[in-house]
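S.K.: You'll find data_4.json just under this line, and it carries JSON, N, CA and C atoms.
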```json
[["chain", "number", "residue", "atom", "x", "y", "z"],
["B", 1, "MET", "N", 10.20, -12.29, -10.04],
["B", 1, "MET", "CA", 9.21, -13.24, -9.59],
["B", 1, "MET", "C", 9.77, -14.65, -9.71],
["B", 2, "GLU", "N", 9.69, -15.39, -8.61],
["B", 2, "GLU", "CA", 10.09, -16.80, -8.61],
["B", 2, "GLU", "C", 9.01, -17.62, -9.30],
["B", 3, "LYS", "N", 9.40, -18.75, -9.86],
["B", 3, "LYS", "CA", 8.42, -19.64, -10.49],
["B", 3, "LYS", "C", 8.55, -21.03, -9.91],
["B", 4, "VAL", "N", 7.41, -21.68, -9.71],
["B", 4, "VAL", "CA", 7.37, -23.06, -9.24],
["B", 4, "VAL", "C", 6.67, -23.88, -10.32],
["B", 5, "LYS", "N", 7.37, -24.87, -10.85],
["B", 5, "LYS", "CA", 6.80, -25.77, -11.85],
["B", 5, "LYS", "C", 6.07, -26.90, -11.14],
["B", 6, "LEU", "N", 4.84, -27.12, -11.54],
["B", 6, "LEU", "CA", 4.04, -28.19, -10.95],
["B", 6, "LEU", "C", 4.48, -29.54, -11.50],
["B", 7, "LYS", "N", 4.69, -30.49, -10.60],
["B", 7, "LYS", "CA", 4.98, -31.87, -11.01],
["B", 7, "LYS", "C", 3.70, -32.69, -10.95],
["B", 8, "GLU", "N", 2.76, -32.22, -10.14],
["B", 8, "GLU", "CA", 1.44, -32.84, -9.98],
["B", 8, "GLU", "C", 0.41, -31.81, -10.41],
["B", 9, "GLU", "N", -0.84, -32.07, -10.10],
["B", 9, "GLU", "CA", -1.92, -31.15, -10.46],
["B", 9, "GLU", "C", -1.85, -29.85, -9.63],
["B", 10, "TYR", "N", -1.33, -29.96, -8.40],
["B", 10, "TYR", "CA", -1.25, -28.81, -7.51],
["B", 10, "TYR", "C", -0.05, -28.96, -6.58],
["B", 11, "ILE", "N", 0.27, -27.86, -5.87],
["B", 11, "ILE", "CA", 1.26, -27.89, -4.80],
["B", 11, "ILE", "C", 0.63, -27.15, -3.62],
["B", 12, "LYS", "N", 0.93, -27.58, -2.42],
["B", 12, "LYS", "CA", 0.38, -26.92, -1.24],
["B", 12, "LYS", "C", 1.19, -25.67, -0.92],
["B", 13, "LEU", "N", 0.53, -24.70, -0.32],
["B", 13, "LEU", "CA", 1.14, -23.40, -0.04],
["B", 13, "LEU", "C", 2.44, -23.53, 0.75],
["B", 14, "GLY", "N", 2.45, -24.29, 1.82],
["B", 14, "GLY", "CA", 3.67, -24.46, 2.62],
["B", 14, "GLY", "C", 4.80, -25.05, 1.81],
["B", 15, "GLN", "N", 4.49, -26.00, 0.94],
["B", 15, "GLN", "CA", 5.51, -26.62, 0.08],
["B", 15, "GLN", "C", 6.07, -25.61, -0.91],
["B", 16, "ALA", "N", 5.21, -24.76, -1.45],
["B", 16, "ALA", "CA", 5.66, -23.74, -2.41],
["B", 16, "ALA", "C", 6.61, -22.76, -1.75],
["B", 17, "LEU", "N", 6.30, -22.34, -0.52],
["B", 17, "LEU", "CA", 7.19, -21.41, 0.19],
["B", 17, "LEU", "C", 8.55, -22.03, 0.43],
["B", 18, "LYS", "N", 8.57, -23.31, 0.77],
["B", 18, "LYS", "CA", 9.85, -24.01, 0.99],
["B", 18, "LYS", "C", 10.60, -24.19, -0.33],
["B", 19, "ALA", "N", 9.89, -24.45, -1.41],
["B", 19, "ALA", "CA", 10.53, -24.73, -2.71],
["B", 19, "ALA", "C", 11.37, -23.56, -3.21],
["B", 20, "VAL", "N", 10.94, -22.34, -2.91],
["B", 20, "VAL", "CA", 11.70, -21.16, -3.36],
["B", 20, "VAL", "C", 12.47, -20.51, -2.21],
["B", 21, "HIS", "N", 12.59, -21.22, -1.10],
["B", 21, "HIS", "CA", 13.37, -20.78, 0.06],
["B", 21, "HIS", "C", 12.83, -19.52, 0.72],
["B", 22, "PHE", "N", 11.51, -19.28, 0.62],
["B", 22, "PHE", "CA", 10.89, -18.20, 1.38],
["B", 22, "PHE", "C", 10.72, -18.65, 2.83],
["B", 23, "ALA", "N", 10.75, -19.97, 3.06],
["B", 23, "ALA", "CA", 10.69, -20.54, 4.40],
["B", 23, "ALA", "C", 11.70, -21.68, 4.45],
["B", 24, "ALA", "N", 12.44, -21.77, 5.55],
["B", 24, "ALA", "CA", 13.49, -22.79, 5.67],
["B", 24, "ALA", "C", 12.92, -24.16, 6.05],
["B", 25, "SER", "N", 11.73, -24.17, 6.66],
["B", 25, "SER", "CA", 11.15, -25.43, 7.12],
["B", 25, "SER", "C", 9.64, -25.35, 7.08],
["B", 26, "GLY", "N", 9.01, -26.49, 7.27],
["B", 26, "GLY", "CA", 7.56, -26.52, 7.34],
["B", 26, "GLY", "C", 7.02, -25.72, 8.51],
["B", 27, "VAL", "N", 7.74, -25.76, 9.62],
["B", 27, "VAL", "CA", 7.32, -25.01, 10.80],
["B", 27, "VAL", "C", 7.38, -23.51, 10.52],
["B", 28, "GLU", "N", 8.46, -23.06, 9.88],
["B", 28, "GLU", "CA", 8.57, -21.64, 9.54],
["B", 28, "GLU", "C", 7.48, -21.23, 8.57],
["B", 29, "ALA", "N", 7.21, -22.07, 7.57],
["B", 29, "ALA", "CA", 6.14, -21.78, 6.61],
["B", 29, "ALA", "C", 4.80, -21.64, 7.33],
["B", 30, "LYS", "N", 4.53, -22.56, 8.24],
["B", 30, "LYS", "CA", 3.27, -22.52, 9.00],
["B", 30, "LYS", "C", 3.15, -21.22, 9.78],
["B", 31, "MET", "N", 4.23, -20.79, 10.41],
["B", 31, "MET", "CA", 4.20, -19.57, 11.22],
["B", 31, "MET", "C", 3.91, -18.33, 10.38],
["B", 32, "VAL", "N", 4.60, -18.17, 9.24],
["B", 32, "VAL", "CA", 4.37, -16.96, 8.44],
["B", 32, "VAL", "C", 2.97, -16.97, 7.82],
["B", 33, "ILE", "N", 2.47, -18.17, 7.49],
["B", 33, "ILE", "CA", 1.11, -18.26, 6.95],
["B", 33, "ILE", "C", 0.09, -17.89, 8.03],
["B", 34, "LEU", "N", 0.23, -18.47, 9.22],
["B", 34, "LEU", "CA", -0.72, -18.18, 10.31],
["B", 34, "LEU", "C", -0.63, -16.74, 10.81],
["B", 35, "ASP", "N", 0.53, -16.09, 10.59],
["B", 35, "ASP", "CA", 0.68, -14.68, 10.96],
["B", 35, "ASP", "C", 0.00, -13.75, 9.96],
["B", 36, "GLY", "N", -0.52, -14.31, 8.86],
["B", 36, "GLY", "CA", -1.20, -13.49, 7.85],
["B", 36, "GLY", "C", -0.25, -12.77, 6.92],
["B", 37, "ALA", "N", 0.99, -13.24, 6.84],
["B", 37, "ALA", "CA", 2.01, -12.57, 6.03],
["B", 37, "ALA", "C", 2.02, -13.03, 4.57],
["B", 38, "VAL", "N", 1.17, -13.99, 4.22],
["B", 38, "VAL", "CA", 1.19, -14.56, 2.87],
["B", 38, "VAL", "C", -0.14, -14.29, 2.18],
["B", 39, "LYS", "N", -0.05, -13.85, 0.92],
["B", 39, "LYS", "CA", -1.25, -13.63, 0.11],
["B", 39, "LYS", "C", -1.24, -14.61, -1.06],
["B", 40, "VAL", "N", -2.43, -15.10, -1.40],
["B", 40, "VAL", "CA", -2.60, -15.94, -2.58],
["B", 40, "VAL", "C", -3.60, -15.22, -3.48],
["B", 41, "ASN", "N", -3.16, -14.91, -4.69],
["B", 41, "ASN", "CA", -4.00, -14.18, -5.65],
["B", 41, "ASN", "C", -4.57, -12.89, -5.04],
["B", 42, "GLY", "N", -3.72, -12.19, -4.27],
["B", 42, "GLY", "CA", -4.09, -10.89, -3.72],
["B", 42, "GLY", "C", -4.84, -10.91, -2.40],
["B", 43, "GLU", "N", -5.17, -12.09, -1.88],
["B", 43, "GLU", "CA", -5.91, -12.17, -0.62],
["B", 43, "GLU", "C", -5.10, -12.92, 0.43],
["B", 44, "VAL", "N", -5.13, -12.42, 1.68],
["B", 44, "VAL", "CA", -4.42, -13.09, 2.77],
["B", 44, "VAL", "C", -4.95, -14.52, 2.90],
["B", 45, "CYS", "N", -4.02, -15.46, 3.02],
["B", 45, "CYS", "CA", -4.39, -16.87, 3.15],
["B", 45, "CYS", "C", -3.81, -17.42, 4.44],
["B", 46, "LEU", "N", -4.64, -18.05, 5.25],
["B", 46, "LEU", "CA", -4.21, -18.61, 6.53],
["B", 46, "LEU", "C", -4.16, -20.13, 6.51],
["B", 47, "GLN", "N", -4.32, -20.73, 5.33],
["B", 47, "GLN", "CA", -4.34, -22.19, 5.20],
["B", 47, "GLN", "C", -3.01, -22.70, 4.66],
["B", 48, "ARG", "N", -2.24, -23.37, 5.49],
["B", 48, "ARG", "CA", -0.94, -23.90, 5.05],
["B", 48, "ARG", "C", -1.13, -24.95, 3.96],
["B", 49, "GLY", "N", -2.21, -25.71, 4.03],
["B", 49, "GLY", "CA", -2.46, -26.77, 3.06],
["B", 49, "GLY", "C", -3.24, -26.32, 1.84],
["B", 50, "LYS", "N", -3.40, -25.00, 1.65],
["B", 50, "LYS", "CA", -4.14, -24.50, 0.48],
["B", 50, "LYS", "C", -3.49, -25.03, -0.78],
["B", 51, "LYS", "N", -4.32, -25.56, -1.67],
["B", 51, "LYS", "CA", -3.81, -26.11, -2.93],
["B", 51, "LYS", "C", -3.65, -24.99, -3.94],
["B", 52, "LEU", "N", -2.45, -24.92, -4.52],
["B", 52, "LEU", "CA", -2.15, -23.92, -5.54],
["B", 52, "LEU", "C", -2.09, -24.60, -6.90],
["B", 53, "TYR", "N", -2.70, -23.96, -7.88],
["B", 53, "TYR", "CA", -2.79, -24.52, -9.23],
["B", 53, "TYR", "C", -2.11, -23.58, -10.23],
["B", 54, "ASP", "N", -1.99, -24.05, -11.46],
["B", 54, "ASP", "CA", -1.39, -23.28, -12.55],
["B", 54, "ASP", "C", -2.01, -21.87, -12.60],
["B", 55, "GLY", "N", -1.15, -20.86, -12.60],
["B", 55, "GLY", "CA", -1.61, -19.48, -12.69],
["B", 55, "GLY", "C", -1.75, -18.76, -11.36],
["B", 56, "ASP", "N", -1.75, -19.48, -10.25],
["B", 56, "ASP", "CA", -1.86, -18.83, -8.94],
["B", 56, "ASP", "C", -0.58, -18.04, -8.65],
["B", 57, "VAL", "N", -0.75, -16.94, -7.91],
["B", 57, "VAL", "CA", 0.38, -16.10, -7.52],
["B", 57, "VAL", "C", 0.38, -15.95, -6.00],
["B", 58, "VAL", "N", 1.55, -16.20, -5.40],
["B", 58, "VAL", "CA", 1.73, -16.09, -3.95],
["B", 58, "VAL", "C", 2.63, -14.89, -3.69],
["B", 59, "GLU", "N", 2.29, -14.07, -2.69],
["B", 59, "GLU", "CA", 3.11, -12.92, -2.32],
["B", 59, "GLU", "C", 3.53, -13.05, -0.86],
["B", 60, "PHE", "N", 4.81, -12.73, -0.61],
["B", 60, "PHE", "CA", 5.35, -12.78, 0.75],
["B", 60, "PHE", "C", 6.51, -11.82, 0.85],
["B", 61, "GLU", "N", 6.43, -10.88, 1.79],
["B", 61, "GLU", "CA", 7.50, -9.90, 2.04],
["B", 61, "GLU", "C", 7.96, -9.20, 0.76],
["B", 62, "GLY", "N", 7.02, -8.79, -0.06],
["B", 62, "GLY", "CA", 7.35, -8.05, -1.28],
["B", 62, "GLY", "C", 7.87, -8.91, -2.42],
["B", 63, "LYS", "N", 7.91, -10.22, -2.23],
["B", 63, "LYS", "CA", 8.36, -11.13, -3.28],
["B", 63, "LYS", "C", 7.16, -11.95, -3.76],
["B", 64, "SER", "N", 7.26, -12.45, -4.99],
["B", 64, "SER", "CA", 6.16, -13.21, -5.56],
["B", 64, "SER", "C", 6.61, -14.56, -6.09],
["B", 65, "ILE", "N", 5.67, -15.51, -6.07],
["B", 65, "ILE", "CA", 5.87, -16.83, -6.66],
["B", 65, "ILE", "C", 4.73, -17.04, -7.64],
["B", 66, "LYS", "N", 5.05, -17.46, -8.86],
["B", 66, "LYS", "CA", 4.01, -17.82, -9.82],
["B", 66, "LYS", "C", 4.04, -19.33, -9.98],
["B", 67, "ILE", "N", 2.86, -19.94, -9.89],
["B", 67, "ILE", "CA", 2.73, -21.38, -10.05],
["B", 67, "ILE", "C", 2.48, -21.67, -11.52],
["B", 68, "GLU", "N", 3.30, -22.55, -12.11],
["B", 68, "GLU", "CA", 3.17, -22.87, -13.53],
["B", 68, "GLU", "C", 3.14, -24.36, -13.75],
["B", 69, "LYS", "N", 2.40, -24.75, -14.78],
["B", 69, "LYS", "CA", 2.32, -26.16, -15.14],
["B", 69, "LYS", "C", 3.49, -26.54, -16.02]]
```
Could I get this file's structure written as structure tokens?

M.R.:
Amino acid sequence: MEKVKLKEEYIKLGQALKAVHFAASGVEAKMVILDGAVKVNGEVCLQRGKKLYDGDVVEFEGKSIKIEK
């Protein structure tokens, strides 16, 4: 499981995908999110700007990201 350390109170979903190289660009992140390929805390999320907070878990293509403070 990849981990993303928060520098602020939250990170947006598209930024988190780019931070761990699950997406090469913002456009790619937007496409995989809108395709329904990304889950946040077990539920499909279609919002690229969804705010992720400490403890949230993102899943994409069998890989996971944990958001940590």

S.K.: May I have the residues within 9 Å of Gln15 of chain B as a list in words, using only C-alpha atoms and disregarding those fewer than 3 positions away in the same chain?

M.R.: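 With the cut-off at 9 Å, the set is Ile11, Lys12, Lys18, Ala19, Val20, Gly26, Ala29, Arg48 and Gly49 of chain B.
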
S.K.: To one decimal place in Å, what is the distance between atom N of Val27 of chain B and atom N of Lys51 of chain B?

M.R.: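 Going from atom N of Val27 of chain B over to atom N of Lys51 of chain B, I get 16.5 Å.
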
S.K.: Which polymer residues have any atom within 6 Å of an atom of Lys69 of chain B, counting only C-alpha atoms, with same-chain residues fewer than 3 positions away left out, as JSON, numbers by chain?

M.R.: {"B": [5, 6, 54]}

S.K.: Export, as a CSV table (one decimal), in the frame of the given file, the selected residues with N, CA and C atoms.

M.R.:
```
chain,number,residue,atom,x,y,z
B,5,LYS,N,7.4,-24.9,-10.8
B,5,LYS,CA,6.8,-25.8,-11.8
B,5,LYS,C,6.1,-26.9,-11.1
B,6,LEU,N,4.8,-27.1,-11.5
B,6,LEU,CA,4.0,-28.2,-11.0
B,6,LEU,C,4.5,-29.5,-11.5
B,54,ASP,N,-2.0,-24.0,-11.5
B,54,ASP,CA,-1.4,-23.3,-12.6
B,54,ASP,C,-2.0,-21.9,-12.6
```

S.K.: Segment 1-65 of chain B: which residues are strand (DSSP E) by DSSP, as a PyMOL selection string?

M.R.: chain B and resi 2-5+11-12+38-40+43-44+51-52+57-60+63-65

S.K.: Quick one: residues within 10 Å of Met31 of chain B, only C-alpha atoms, excluding same-chain residues fewer than 5 positions away - as a compact mmCIF listing (two decimals) with N, CA and C atoms, in the frame of the given file?

M.R.:
```txt
# COMPACT_ATOMS: atom_id res chain seq x y z
N GLY B 14 2.45 -24.29 1.82
CA GLY B 14 3.67 -24.46 2.62
C GLY B 14 4.80 -25.05 1.81
N ALA B 23 10.75 -19.97 3.06
CA ALA B 23 10.69 -20.54 4.40
C ALA B 23 11.70 -21.68 4.45
N SER B 25 11.73 -24.17 6.66
CA SER B 25 11.15 -25.43 7.12
C SER B 25 9.64 -25.35 7.08
N GLY B 26 9.01 -26.49 7.27
CA GLY B 26 7.56 -26.52 7.34
C GLY B 26 7.02 -25.72 8.51
N GLY B 36 -0.52 -14.31 8.86
CA GLY B 36 -1.20 -13.49 7.85
C GLY B 36 -0.25 -12.77 6.92
N ALA B 37 0.99 -13.24 6.84
CA ALA B 37 2.01 -12.57 6.03
C ALA B 37 2.02 -13.03 4.57
N LEU B 46 -4.64 -18.05 5.25
CA LEU B 46 -4.21 -18.61 6.53
C LEU B 46 -4.16 -20.13 6.51
N ARG B 48 -2.24 -23.37 5.49
CA ARG B 48 -0.94 -23.90 5.05
C ARG B 48 -1.13 -24.95 3.96
```

S.K.: Work out how far apart atom C of Val4 of chain B and atom CA of Leu52 of chain B are and give it in Å to one decimal.

M.R.: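 Rounded to one decimal, the two atoms are 10.0 Å apart.
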
S.K.: Residues at most 7 Å from Lys39 of chain B, counting only C-alpha atoms, excluding those fewer than 6 positions away in the same chain, as a PyMOL selection string?

M.R.: chain B and resi 45+58-60

S.K.: Provide the atom CA of Lys63 of chain B to atom CA of Ala24 of chain B distance in Å, to one decimal place.

M.R.: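 Between these atoms lies a distance of 15.6 Å.
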
S.K.: I need the helix (DSSP H, G or I) residues of chain B per DSSP on the backbone, written as a list of chain:residue names.

M.R.: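 Across chain B, those assigned helix (DSSP H, G or I) are B:Leu13, B:Gly14, B:Gln15, B:Ala16, B:Leu17, B:Lys18, B:Ala19, B:Gly26, B:Val27, B:Glu28, B:Ala29, B:Lys30, B:Met31, B:Val32, B:Ile33, B:Leu34.
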
S.K.: Neighbouring residues of Ile65 of chain B were defined as those with any atom within 6 Å, considering only C-alpha atoms; residues of the same chain fewer than 5 positions away were excluded. Please report them as an MDAnalysis selection string.

M.R.: chainID B and resid 1:3 57:58

S.K.: Put the listed atoms of segment 3-15 of chain B in a box along x, y and z with 5 Å added on every side and give me the centre and edge lengths in Å to one decimal, as lines of an AutoDock Vina configuration file.

M.R.:
```
center_x = 3.7
center_y = -25.8
center_z = -4.6
size_x = 21.3
size_y = 24.1
size_z = 24.5
```
